[in-house]
Amino acid sequence: MEAKKLILTGDRPTGNLHLGHYVGVLKSRVEQQHTHNQYILVADVQALTDYYEMPQLVVENSLEVVKDYLAVGIDPQISTILIQSQIPAIAELTIYYMNLVSVSRLERNPTVKNEILQKGLGKTLPVGFLNYPVSQAADITAFGGELVSGGEDQIPMIEQTNEIVRKFNRIYNTNCLKEASIHLSKVPRLVGIDGKAKASKSMNNAIFLSDPPEVIREKVFAMFTDPDHIKVSDPGKVDGNVVFTYLDAFCDDPDEVNSLKSQYLKGGLGDTTLKSYLNDILQKMLQPIREKRRLLTREYILDVCYDGTSRARVVSGGILNNVRNAIGINFFDKIEKHS
Ligand code: TRP
């Protein structure tokens with residue numbers, strides 16, 4: 001049997017995961033774990049580049065994120081869940097890679113450029129933040145993965161990683177680092193309940209996997225529909241109507257959704273009826289996830305992280321050793337060999 005390809009994926013633990021993550025990356029990860037050797041990295045060090053003043057929050061969020069992974073069906077026996085800060089090789093690789101990347105190249109990284117603008121960092125930009133793509137290159141190469149699964153915003157990170165890999169291999173005359181390719185999540189971004197931007201914690205427009213039933217209901221009933229659809233009998237718009245976007249994403253009966261769409265377009269289908277229908281679907285889908293979440297203890301979550309991280313440390317230790325050998329700074333190895 002052919003060995004399964006190693007696929008790496010990860011999240012910054014900045015809060016609980018929501019339905020946008022669920023349709024985007026989480027579902028793919030649940031499937032992928034059977035077809036690939038999947039490593040899921042909880043990027044707490046990367047989260048610290050933003051939240052360095054709130055380390056306790058990053059720790060709590062990391063555990064919550066892992067809880068979400070397990071609740072949606074990621075199996076820690078077949079997926080390796082690891083905590084970035086507990087893999088010393090990543091920090092060391094980052095240091096070696098920093099010599100291979102210019103400040104201006106980092107400033108040109110589209111994802112970073114956007115974030116710097118959004119945050120208005122300017123001259124106060126911390127070195128650690130600017131450097132996070134280099135640290136991510138270390139994440140990506142530390143386990144010898146050929147595939148990185150994620151959304152489009154990860155493409156610049158992978159390009160940057162591959163530049164580092166090529167430069168490293170050229171300068172140190174080695175092929176110990178491998179380039180990675182993106183494995184794009186199939187489903188596009190989910191719009192927020194306000195219909196304005198993608199669902200996100202910071203925009204306060206997302207439904208979280210951990211939301212209690214009444215909060216889910218409230219959010220569904222607050223969804224943006226068609227502001228001109230005033231009376232039930234009015235014809236309504238389906239395009240840009242968030243309830244339909246969510247039905248497309250979460251209802252497994254497309255014929256039913258199509259028939260609702262044509263009723264809505266014609267007139268005669270009220271927002272309340274439509275929202276109740278979506279609410280029922282989401283409640284049914286999220287109830288078992290919430291229940292599973294509730295049963296997961298902190299001790300168990302920590303055990304899962306410990307096991308995955310321990311396995312990952314062995315793999316990354318091997319890669320780090322190759323990297324040190326390639327650079328030629330494996331002092332102790334040489335001492336051992338010559339003594
Ligand atoms: N940058 C990713 C995010 O914003 C998180 C991440 C860190 C990651 N290291 C990674 C993703 C390595 C894939 C591979 O969510």
# chains A, B, ... in the order shown; residues from 1 in each chain; ligands from 1

$ residues_around --residues "stretch 66-82 of chain A" --least-positions-apart "6" --cutoff "8 Å" --atoms "only C-alpha atoms" --output "list in words"
Asn16, Leu17, Leu26, Lys27, Arg29, Val30, Gln33, His34, Asn37, Gln38, Tyr39, Ile40, Leu41, Val42, Leu209, Ser210, Ile289, Arg290, Lys292, Arg293, Leu296, Ile301, Val304, Cys305, Tyr306, Gly308, Thr309, Arg311 and Ala312 of chain A

$ residues_around --residues "A:Gln84" --least-positions-apart "4" --cutoff "8 Å" --atoms "only C-alpha atoms" --output "PDB file with all heavy atoms, in the first residue's frame"
ATOM      1  N   LEU A  41      -2.231  21.907  13.153  1.00  0.00           N
ATOM      2  CA  LEU A  41      -1.406  22.720  14.027  1.00  0.00           C
ATOM      3  C   LEU A  41      -2.225  23.839  14.681  1.00  0.00           C
ATOM      4  O   LEU A  41      -2.878  24.612  13.991  1.00  0.00           O
ATOM      5  CB  LEU A  41      -0.282  23.303  13.166  1.00  0.00           C
ATOM      6  CG  LEU A  41       0.680  24.296  13.784  1.00  0.00           C
ATOM      7  CD1 LEU A  41       2.103  23.778  13.624  1.00  0.00           C
ATOM      8  CD2 LEU A  41       0.561  25.631  13.115  1.00  0.00           C
ATOM      9  N   VAL A  42      -2.182  23.886  15.990  1.00  0.00           N
ATOM     10  CA  VAL A  42      -2.821  24.985  16.706  1.00  0.00           C
ATOM     11  C   VAL A  42      -1.752  26.072  16.831  1.00  0.00           C
ATOM     12  O   VAL A  42      -0.790  25.924  17.598  1.00  0.00           O
ATOM     13  CB  VAL A  42      -3.331  24.539  18.093  1.00  0.00           C
ATOM     14  CG1 VAL A  42      -3.965  25.699  18.826  1.00  0.00           C
ATOM     15  CG2 VAL A  42      -4.300  23.371  17.947  1.00  0.00           C
ATOM     16  N   ALA A  43      -1.896  27.120  16.026  1.00  0.00           N
ATOM     17  CA  ALA A  43      -0.811  28.100  15.864  1.00  0.00           C
ATOM     18  C   ALA A  43      -0.860  29.136  16.982  1.00  0.00           C
ATOM     19  O   ALA A  43      -1.141  30.319  16.745  1.00  0.00           O
ATOM     20  CB  ALA A  43      -0.889  28.739  14.482  1.00  0.00           C
ATOM     21  N   ASP A  44      -0.557  28.704  18.188  1.00  0.00           N
ATOM     22  CA  ASP A  44      -0.631  29.630  19.327  1.00  0.00           C
ATOM     23  C   ASP A  44       0.484  30.678  19.283  1.00  0.00           C
ATOM     24  O   ASP A  44       0.270  31.832  19.663  1.00  0.00           O
ATOM     25  CB  ASP A  44      -0.645  28.873  20.669  1.00  0.00           C
ATOM     26  CG  ASP A  44       0.574  28.008  20.896  1.00  0.00           C
ATOM     27  OD1 ASP A  44       1.261  27.668  19.910  1.00  0.00           O
ATOM     28  OD2 ASP A  44       0.851  27.660  22.063  1.00  0.00           O
ATOM     29  N   VAL A  45       1.652  30.300  18.767  1.00  0.00           N
ATOM     30  CA  VAL A  45       2.738  31.284  18.661  1.00  0.00           C
ATOM     31  C   VAL A  45       2.347  32.369  17.659  1.00  0.00           C
ATOM     32  O   VAL A  45       2.580  33.558  17.878  1.00  0.00           O
ATOM     33  CB  VAL A  45       4.061  30.589  18.229  1.00  0.00           C
ATOM     34  CG1 VAL A  45       5.159  31.616  17.996  1.00  0.00           C
ATOM     35  CG2 VAL A  45       4.499  29.574  19.271  1.00  0.00           C
ATOM     36  N   ILE A  90      10.319  24.257  15.546  1.00  0.00           N
ATOM     37  CA  ILE A  90       9.717  25.323  14.730  1.00  0.00           C
ATOM     38  C   ILE A  90      10.415  26.654  15.016  1.00  0.00           C
ATOM     39  O   ILE A  90      10.762  27.399  14.094  1.00  0.00           O
ATOM     40  CB  ILE A  90       8.189  25.411  14.979  1.00  0.00           C
ATOM     41  CG1 ILE A  90       7.502  24.145  14.449  1.00  0.00           C
ATOM     42  CG2 ILE A  90       7.606  26.668  14.328  1.00  0.00           C
ATOM     43  CD1 ILE A  90       5.998  24.106  14.664  1.00  0.00           C
ATOM     44  N   ASP A 139       6.623  26.103  10.239  1.00  0.00           N
ATOM     45  CA  ASP A 139       5.515  25.158  10.499  1.00  0.00           C
ATOM     46  C   ASP A 139       5.378  24.186   9.338  1.00  0.00           C
ATOM     47  O   ASP A 139       5.222  22.983   9.514  1.00  0.00           O
ATOM     48  CB  ASP A 139       4.146  25.867  10.579  1.00  0.00           C
ATOM     49  CG  ASP A 139       4.046  26.913  11.664  1.00  0.00           C
ATOM     50  OD1 ASP A 139       4.851  26.863  12.604  1.00  0.00           O
ATOM     51  OD2 ASP A 139       3.151  27.783  11.562  1.00  0.00           O
TER      52      ASP A 139
END

$ residues_near_ligand --ligand "ligand 1" --cutoff "6 Å" --atoms "only C-alpha atoms and all ligand atoms" --output "JSON, numbers by chain"
{"A": [8, 9, 10, 11, 12, 43, 136, 139, 140, 148]}

$ write_last_selection --atoms "C-alpha atoms" --output "PDB file, in the first residue's frame"
ATOM      1  CA  LEU A   8      -0.602  20.033   7.179  1.00  0.00           C
ATOM      2  CA  THR A   9      -3.309  22.418   8.212  1.00  0.00           C
ATOM      3  CA  GLY A  10      -3.802  24.787  11.094  1.00  0.00           C
ATOM      4  CA  ASP A  11      -5.592  27.638  12.782  1.00  0.00           C
ATOM      5  CA  ARG A  12      -4.677  30.671  14.785  1.00  0.00           C
ATOM      6  CA  ALA A  43      -0.811  28.100  15.864  1.00  0.00           C
ATOM      7  CA  GLN A 136       4.757  29.683   9.158  1.00  0.00           C
ATOM      8  CA  ASP A 139       5.515  25.158  10.499  1.00  0.00           C
ATOM      9  CA  ILE A 140       5.069  23.986   6.949  1.00  0.00           C
ATOM     10  CA  VAL A 148      -0.959  22.392   3.036  1.00  0.00           C
TER      11      VAL A 148
END

$ residues_around --residues "stretch 52-54 of chain A" --least-positions-apart "5" --cutoff "12 Å" --atoms "only C-alpha atoms" --output "PDB file with N, CA, C and O atoms, in the first residue's frame"
ATOM      1  N   THR A  14      -7.811  32.191  17.827  1.00  0.00           N
ATOM      2  CA  THR A  14      -8.239  33.522  18.253  1.00  0.00           C
ATOM      3  C   THR A  14      -9.670  33.512  18.780  1.00  0.00           C
ATOM      4  O   THR A  14     -10.215  34.557  19.112  1.00  0.00           O
ATOM      5  N   ASP A  44      -0.557  28.704  18.188  1.00  0.00           N
ATOM      6  CA  ASP A  44      -0.631  29.630  19.327  1.00  0.00           C
ATOM      7  C   ASP A  44       0.484  30.678  19.283  1.00  0.00           C
ATOM      8  O   ASP A  44       0.270  31.832  19.663  1.00  0.00           O
ATOM      9  N   VAL A  45       1.652  30.300  18.767  1.00  0.00           N
ATOM     10  CA  VAL A  45       2.738  31.284  18.661  1.00  0.00           C
ATOM     11  C   VAL A  45       2.347  32.369  17.659  1.00  0.00           C
ATOM     12  O   VAL A  45       2.580  33.558  17.878  1.00  0.00           O
ATOM     13  N   GLN A  46       1.712  31.933  16.576  1.00  0.00           N
ATOM     14  CA  GLN A  46       1.245  32.918  15.596  1.00  0.00           C
ATOM     15  C   GLN A  46       0.164  33.816  16.205  1.00  0.00           C
ATOM     16  O   GLN A  46       0.142  35.019  15.948  1.00  0.00           O
ATOM     17  N   ALA A  47      -0.711  33.244  17.013  1.00  0.00           N
ATOM     18  CA  ALA A  47      -1.750  34.063  17.669  1.00  0.00           C
ATOM     19  C   ALA A  47      -1.104  35.083  18.608  1.00  0.00           C
ATOM     20  O   ALA A  47      -1.586  36.213  18.746  1.00  0.00           O
ATOM     21  N   VAL A  59      -4.022  30.649  25.300  1.00  0.00           N
ATOM     22  CA  VAL A  59      -4.031  29.270  25.823  1.00  0.00           C
ATOM     23  C   VAL A  59      -5.467  28.742  25.883  1.00  0.00           C
ATOM     24  O   VAL A  59      -5.762  27.638  25.395  1.00  0.00           O
ATOM     25  N   GLU A  60      -6.366  29.546  26.432  1.00  0.00           N
ATOM     26  CA  GLU A  60      -7.766  29.104  26.536  1.00  0.00           C
ATOM     27  C   GLU A  60      -8.359  28.867  25.149  1.00  0.00           C
ATOM     28  O   GLU A  60      -9.036  27.873  24.916  1.00  0.00           O
ATOM     29  N   ASN A  61      -8.090  29.798  24.234  1.00  0.00           N
ATOM     30  CA  ASN A  61      -8.610  29.640  22.873  1.00  0.00           C
ATOM     31  C   ASN A  61      -8.049  28.390  22.202  1.00  0.00           C
ATOM     32  O   ASN A  61      -8.736  27.733  21.430  1.00  0.00           O
ATOM     33  N   PRO A 126       5.410  45.381  15.062  1.00  0.00           N
ATOM     34  CA  PRO A 126       6.378  44.537  15.771  1.00  0.00           C
ATOM     35  C   PRO A 126       7.105  43.588  14.809  1.00  0.00           C
ATOM     36  O   PRO A 126       6.509  43.089  13.857  1.00  0.00           O
ATOM     37  N   GLY A 128       8.011  40.643  15.344  1.00  0.00           N
ATOM     38  CA  GLY A 128       7.388  39.316  15.434  1.00  0.00           C
ATOM     39  C   GLY A 128       6.215  39.176  14.492  1.00  0.00           C
ATOM     40  O   GLY A 128       6.031  38.138  13.860  1.00  0.00           O
ATOM     41  N   PHE A 129       5.433  40.234  14.366  1.00  0.00           N
ATOM     42  CA  PHE A 129       4.279  40.162  13.454  1.00  0.00           C
ATOM     43  C   PHE A 129       4.737  40.078  12.008  1.00  0.00           C
ATOM     44  O   PHE A 129       4.304  39.216  11.250  1.00  0.00           O
TER      45      PHE A 129
END

$ residues_around --residues "stretch 163-169 of chain A" --least-positions-apart "6" --cutoff "8 Å" --atoms "only C-alpha atoms" --output "PDB file with all heavy atoms, in the first residue's frame"
ATOM      1  N   TYR A  97      15.668  30.447   8.929  1.00  0.00           N
ATOM      2  CA  TYR A  97      15.011  30.964   7.722  1.00  0.00           C
ATOM      3  C   TYR A  97      15.015  32.496   7.671  1.00  0.00           C
ATOM      4  O   TYR A  97      14.964  33.083   6.597  1.00  0.00           O
ATOM      5  CB  TYR A  97      13.556  30.478   7.637  1.00  0.00           C
ATOM      6  CG  TYR A  97      13.375  28.980   7.512  1.00  0.00           C
ATOM      7  CD1 TYR A  97      12.118  28.401   7.693  1.00  0.00           C
ATOM      8  CD2 TYR A  97      14.438  28.134   7.209  1.00  0.00           C
ATOM      9  CE1 TYR A  97      11.922  27.038   7.581  1.00  0.00           C
ATOM     10  CE2 TYR A  97      14.255  26.761   7.100  1.00  0.00           C
ATOM     11  CZ  TYR A  97      12.998  26.215   7.288  1.00  0.00           C
ATOM     12  OH  TYR A  97      12.800  24.869   7.187  1.00  0.00           O
ATOM     13  N   LEU A 100      17.107  34.297   5.276  1.00  0.00           N
ATOM     14  CA  LEU A 100      16.882  34.089   3.850  1.00  0.00           C
ATOM     15  C   LEU A 100      15.754  34.969   3.294  1.00  0.00           C
ATOM     16  O   LEU A 100      15.388  34.841   2.134  1.00  0.00           O
ATOM     17  CB  LEU A 100      16.555  32.603   3.581  1.00  0.00           C
ATOM     18  CG  LEU A 100      17.508  31.576   4.221  1.00  0.00           C
ATOM     19  CD1 LEU A 100      17.062  30.163   3.893  1.00  0.00           C
ATOM     20  CD2 LEU A 100      18.940  31.803   3.747  1.00  0.00           C
ATOM     21  N   VAL A 101      15.210  35.829   4.121  1.00  0.00           N
ATOM     22  CA  VAL A 101      14.048  36.633   3.704  1.00  0.00           C
ATOM     23  C   VAL A 101      14.308  38.107   3.998  1.00  0.00           C
ATOM     24  O   VAL A 101      14.740  38.450   5.099  1.00  0.00           O
ATOM     25  CB  VAL A 101      12.777  36.198   4.480  1.00  0.00           C
ATOM     26  CG1 VAL A 101      11.551  36.923   3.950  1.00  0.00           C
ATOM     27  CG2 VAL A 101      12.577  34.694   4.394  1.00  0.00           C
ATOM     28  N   ALA A 137       6.554  29.312   7.550  1.00  0.00           N
ATOM     29  CA  ALA A 137       7.380  28.468   6.671  1.00  0.00           C
ATOM     30  C   ALA A 137       8.015  27.354   7.502  1.00  0.00           C
ATOM     31  O   ALA A 137       8.170  26.214   7.036  1.00  0.00           O
ATOM     32  CB  ALA A 137       8.455  29.308   5.989  1.00  0.00           C
ATOM     33  N   ASN A 175      18.956  18.989  -0.570  1.00  0.00           N
ATOM     34  CA  ASN A 175      17.537  18.928  -0.969  1.00  0.00           C
ATOM     35  C   ASN A 175      16.708  18.439   0.208  1.00  0.00           C
ATOM     36  O   ASN A 175      15.719  17.761   0.048  1.00  0.00           O
ATOM     37  CB  ASN A 175      17.330  18.062  -2.219  1.00  0.00           C
ATOM     38  CG  ASN A 175      17.862  16.657  -2.018  1.00  0.00           C
ATOM     39  OD1 ASN A 175      18.236  16.292  -0.898  1.00  0.00           O
ATOM     40  ND2 ASN A 175      17.874  15.856  -3.060  1.00  0.00           N
ATOM     41  N   CYS A 176      17.174  18.804   1.395  1.00  0.00           N
ATOM     42  CA  CYS A 176      16.497  18.289   2.587  1.00  0.00           C
ATOM     43  C   CYS A 176      15.156  18.967   2.858  1.00  0.00           C
ATOM     44  O   CYS A 176      14.324  18.415   3.562  1.00  0.00           O
ATOM     45  CB  CYS A 176      17.414  18.329   3.802  1.00  0.00           C
ATOM     46  SG  CYS A 176      17.628  19.961   4.501  1.00  0.00           S
ATOM     47  N   LEU A 177      14.921  20.140   2.279  1.00  0.00           N
ATOM     48  CA  LEU A 177      13.604  20.755   2.458  1.00  0.00           C
ATOM     49  C   LEU A 177      12.766  20.529   1.204  1.00  0.00           C
ATOM     50  O   LEU A 177      13.292  20.569   0.085  1.00  0.00           O
ATOM     51  CB  LEU A 177      13.735  22.251   2.747  1.00  0.00           C
ATOM     52  CG  LEU A 177      14.409  22.627   4.060  1.00  0.00           C
ATOM     53  CD1 LEU A 177      14.470  24.146   4.202  1.00  0.00           C
ATOM     54  CD2 LEU A 177      13.689  22.012   5.261  1.00  0.00           C
ATOM     55  N   LYS A 178      11.481  20.320   1.430  1.00  0.00           N
ATOM     56  CA  LYS A 178      10.581  20.040   0.296  1.00  0.00           C
ATOM     57  C   LYS A 178       9.616  21.209   0.099  1.00  0.00           C
ATOM     58  O   LYS A 178       9.117  21.776   1.063  1.00  0.00           O
ATOM     59  CB  LYS A 178       9.745  18.782   0.593  1.00  0.00           C
ATOM     60  CG  LYS A 178      10.587  17.523   0.837  1.00  0.00           C
ATOM     61  CD  LYS A 178      11.014  16.863  -0.470  1.00  0.00           C
ATOM     62  CE  LYS A 178      11.984  15.713  -0.241  1.00  0.00           C
ATOM     63  NZ  LYS A 178      13.422  16.112  -0.140  1.00  0.00           N
ATOM     64  N   GLU A 179       9.353  21.505  -1.182  1.00  0.00           N
ATOM     65  CA  GLU A 179       8.341  22.526  -1.459  1.00  0.00           C
ATOM     66  C   GLU A 179       6.955  21.943  -1.170  1.00  0.00           C
ATOM     67  O   GLU A 179       6.752  20.740  -1.274  1.00  0.00           O
ATOM     68  CB  GLU A 179       8.420  22.969  -2.923  1.00  0.00           C
ATOM     69  CG  GLU A 179       9.663  23.788  -3.192  1.00  0.00           C
ATOM     70  CD  GLU A 179       9.662  24.413  -4.580  1.00  0.00           C
ATOM     71  OE1 GLU A 179       8.626  24.962  -4.999  1.00  0.00           O
ATOM     72  OE2 GLU A 179      10.712  24.347  -5.241  1.00  0.00           O
TER      73      GLU A 179
END

$ closest_residue --among "A:Gly328, A:Pro133, A:Gly240, A:Gly122" --to "A:Thr174" --atoms "only C-alpha atoms"
A:Gly328
